[in-house]
>>> print(open('work39.csv').read())   # CSV, C-alpha atoms
chain,number,residue,atom,x,y,z
A,165,MET,CA,-12.0,47.8,-38.1
A,166,PRO,CA,-11.4,50.6,-35.7
A,167,THR,CA,-8.1,52.5,-36.2
A,168,ILE,CA,-6.6,54.4,-33.3
A,169,ALA,CA,-4.1,57.2,-34.1
A,170,ILE,CA,-1.2,57.5,-31.6
A,171,LEU,CA,0.8,60.7,-31.2
A,172,SER,CA,3.8,60.7,-28.8
A,173,ASN,CA,7.4,61.7,-29.0
A,174,SER,CA,8.3,58.6,-27.0
A,175,ALA,CA,8.5,55.2,-28.8
A,176,GLU,CA,8.2,53.5,-25.4
A,177,GLU,CA,5.0,55.3,-24.7
A,178,ARG,CA,3.6,54.5,-28.1
A,179,GLU,CA,4.3,50.8,-27.6
A,180,LYS,CA,2.7,50.9,-24.1
A,181,ILE,CA,-0.4,52.5,-25.5
A,182,ARG,CA,-0.7,49.7,-28.1
A,183,LYS,CA,-0.1,47.0,-25.5
A,184,THR,CA,-2.6,48.5,-23.0
A,185,MET,CA,-5.3,48.7,-25.7
A,186,LEU,CA,-4.6,45.2,-27.0
A,187,SER,CA,-4.6,43.8,-23.5
A,188,TYR,CA,-7.8,45.4,-22.2
A,189,SER,CA,-10.0,46.5,-25.2
A,190,GLY,CA,-13.1,44.6,-26.1
A,191,HIS,CA,-12.1,45.3,-29.7
A,192,LYS,CA,-8.6,44.0,-29.4
A,193,ASP,CA,-9.0,41.5,-32.2
A,194,GLU,CA,-10.1,44.3,-34.6
A,195,LEU,CA,-7.9,47.2,-33.6
A,196,GLN,CA,-5.5,48.8,-35.9
A,197,PHE,CA,-3.0,51.6,-35.0
A,198,VAL,CA,-1.5,54.4,-37.0
A,199,GLU,CA,1.4,56.5,-35.8
A,200,TYR,CA,2.3,59.9,-37.2
A,201,SER,CA,5.8,61.1,-37.6
A,202,VAL,CA,6.1,63.8,-35.0
A,203,THR,CA,9.7,64.9,-35.3
A,204,ASP,CA,11.3,66.9,-38.0
A,205,ARG,CA,8.2,68.5,-39.3
A,206,HIS,CA,6.2,71.6,-38.7
A,207,LYS,CA,3.2,71.8,-36.4
A,208,ALA,CA,0.9,72.9,-39.2
A,209,ASP,CA,1.9,69.9,-41.4
A,210,LEU,CA,1.2,67.4,-38.6
A,211,MET,CA,-2.1,69.0,-37.7
A,212,GLY,CA,-3.2,69.1,-41.3
A,213,GLU,CA,-2.3,65.4,-41.8
A,214,VAL,CA,-4.1,64.3,-38.7
A,215,ASP,CA,-7.2,66.4,-39.4
A,216,GLY,CA,-7.3,65.1,-43.0
A,217,ASP,CA,-7.4,61.6,-41.7
A,218,VAL,CA,-10.1,62.5,-39.2
A,219,GLN,CA,-12.3,64.0,-41.8
A,220,ALA,CA,-11.7,61.1,-44.2
A,221,GLY,CA,-12.8,58.6,-41.5
A,222,ALA,CA,-9.4,56.9,-41.6
A,223,ILE,CA,-9.1,57.0,-37.8
A,224,GLN,CA,-11.8,56.6,-35.2
A,225,LEU,CA,-9.9,57.8,-32.1
A,226,LEU,CA,-6.8,59.8,-31.2
A,227,ILE,CA,-4.6,59.1,-28.2
A,228,ALA,CA,-1.9,61.7,-27.7
A,229,SER,CA,0.7,62.8,-25.1
A,230,ASP,CA,-0.2,66.1,-23.5
A,231,TRP,CA,2.8,67.8,-25.2
A,232,LEU,CA,4.3,67.2,-28.6
A,233,GLU,CA,7.7,68.3,-29.8
A,234,THR,CA,8.3,68.4,-33.6
A,235,GLY,CA,11.8,69.8,-33.7
A,236,TRP,CA,10.5,73.2,-34.7
A,237,ASP,CA,7.4,73.5,-32.5
A,238,GLU,CA,6.3,72.4,-29.1
A,239,PHE,CA,2.6,72.4,-28.6
A,240,SER,CA,-0.2,71.0,-26.5
A,241,SER,CA,-2.2,68.1,-28.0
A,242,ALA,CA,-5.2,70.0,-26.9
A,243,GLU,CA,-4.4,72.5,-29.7
A,244,LEU,CA,-4.5,69.6,-32.2
A,245,ILE,CA,-7.8,68.3,-30.8
A,246,ALA,CA,-9.3,71.8,-31.0
A,247,PHE,CA,-8.1,72.1,-34.6
A,248,CYS,CA,-9.7,68.7,-35.6
A,249,HIS,CA,-12.9,69.6,-33.8
A,250,GLN,CA,-13.4,72.6,-36.1
A,251,ALA,CA,-14.3,70.3,-39.0
A,252,THR,CA,-15.3,67.2,-37.0
A,253,PRO,CA,-16.9,68.3,-33.7
A,254,GLY,CA,-17.0,65.6,-31.1
A,255,PHE,CA,-14.2,63.5,-32.6
A,256,PRO,CA,-13.1,61.2,-29.8
A,257,PHE,CA,-9.7,61.6,-28.2
A,258,VAL,CA,-7.7,60.8,-25.1
A,259,ILE,CA,-4.9,62.9,-23.8
A,260,LEU,CA,-2.3,61.2,-21.6
A,261,THR,CA,-0.9,63.7,-19.2
A,262,SER,CA,2.1,63.5,-16.9
A,263,ALA,CA,0.6,66.2,-14.7
A,264,GLU,CA,-0.1,65.3,-11.1
A,265,ILE,CA,-3.7,64.6,-10.3
A,266,PRO,CA,-4.8,65.6,-6.8
A,267,ASP,CA,-6.1,62.8,-4.6
A,268,THR,CA,-9.5,64.5,-4.5
A,269,ASP,CA,-9.8,64.3,-8.3
A,270,LYS,CA,-8.8,60.6,-8.7
A,271,GLN,CA,-12.4,59.4,-8.6
A,272,ASN,CA,-13.3,61.7,-11.4
A,273,ILE,CA,-10.7,60.9,-14.0
A,274,LEU,CA,-13.0,58.8,-16.1
A,275,ALA,CA,-15.4,61.8,-16.5
A,276,THR,CA,-12.8,63.5,-18.7
A,277,HIS,CA,-10.8,62.6,-21.8
A,278,ILE,CA,-7.6,63.4,-19.9
A,279,TYR,CA,-6.0,60.4,-18.3
A,280,PRO,CA,-2.9,60.4,-16.1
A,281,VAL,CA,-0.1,58.4,-17.8
A,282,ASP,CA,0.8,56.7,-14.5
A,283,TYR,CA,-2.8,55.4,-14.2
A,284,PHE,CA,-3.2,54.3,-17.8
A,285,PHE,CA,0.1,52.3,-17.6
A,286,GLY,CA,-0.4,51.6,-13.9
A,287,GLN,CA,-0.6,48.4,-11.8
A,288,ASP,CA,-4.2,48.9,-10.8
A,289,GLU,CA,-5.9,46.7,-13.4
A,290,ASP,CA,-9.3,47.9,-12.4
A,291,ILE,CA,-8.7,51.5,-13.2
A,292,VAL,CA,-6.9,50.5,-16.5
A,293,ARG,CA,-9.9,48.4,-17.5
A,294,ARG,CA,-12.3,51.2,-16.7
A,295,MET,CA,-10.2,53.7,-18.8
A,296,VAL,CA,-10.1,51.3,-21.8
A,297,ALA,CA,-13.8,50.6,-21.4
A,298,GLU,CA,-14.5,54.3,-21.7
A,299,ILE,CA,-12.3,54.4,-24.9
A,300,ASP,CA,-14.1,51.4,-26.3
A,301,LYS,CA,-17.4,53.3,-26.2
A,302,HIS,CA,-16.1,55.5,-29.0
A,303,LEU,CA,-14.9,52.7,-31.3
>>> encode(input="work39.csv", output="structure tokens")
Amino acid sequence: MPTIAILSNSAEEREKIRKTMLSYSGHKDELQFVEYSVTDRHKADLMGEVDGDVQAGAIQLLIASDWLETGWDEFSSAELIAFCHQATPGFPFVILTSAEIPDTDKQNILATHIYPVDYFFGQDEDIVRRMVAEIDKHL
């Protein structure tokens, strides 16, 4: 069964990620989710725990907010991905960003692993289905 790791400081966002995946994924009947405690810990501990699970094969994909706040550290999830890629190159991930995407780039969002949060949780079911279909390719 594919397991997706979710990292976000927002409980609401974590729940929306689960609901979106369970609504649109072709693997919805098989999906499992794991959440990591983000607050009240050091960045190195969090990164080590996630990387250990990646290396052990306990998770098959990581979905993370673009910025994580632990209480001691604030860092980009891209740092976490780069850290995991040192031992496990090519490990699949999706970063959900709150950054604005220019209209000219909207057609290219599926070509990256960085999805705008407002699209991933948006009303346009076609784009949400396409995003989740891209994620499904890695499960």
>>> residues_around(input="work39.csv", residues="segment 182-185 of chain A", least_positions_apart="3", cutoff="9 Å", atoms="only C-alpha atoms", output="PyMOL selection string")
chain A and resi 170+177-179+188-192+195+197+284-285+292+296
>>> residues_around(input="work39.csv", residues="segment 221-229 of chain A", least_positions_apart="3", cutoff="7 Å", atoms="only C-alpha atoms", output="NGL selection string")
:A and (166-172 or 217-218 or 232 or 241 or 256-261 or 303)
>>> atom_distance(input="work39.csv", atom1="atom CA of Ile291 of chain A", atom2="atom CA of Ala263 of chain A")
17.5 Å
>>> atom_distance(input="work39.csv", atom1="atom CA of Gly254 of chain A", atom2="atom CA of His302 of chain A")
10.4 Å
>>> closest_residue(input="work39.csv", among="A:Ala175, A:Asp204, A:Thr252, A:Ser187", to="Ala297 of chain A", atoms="all atoms listed in the file")
A:Ser187
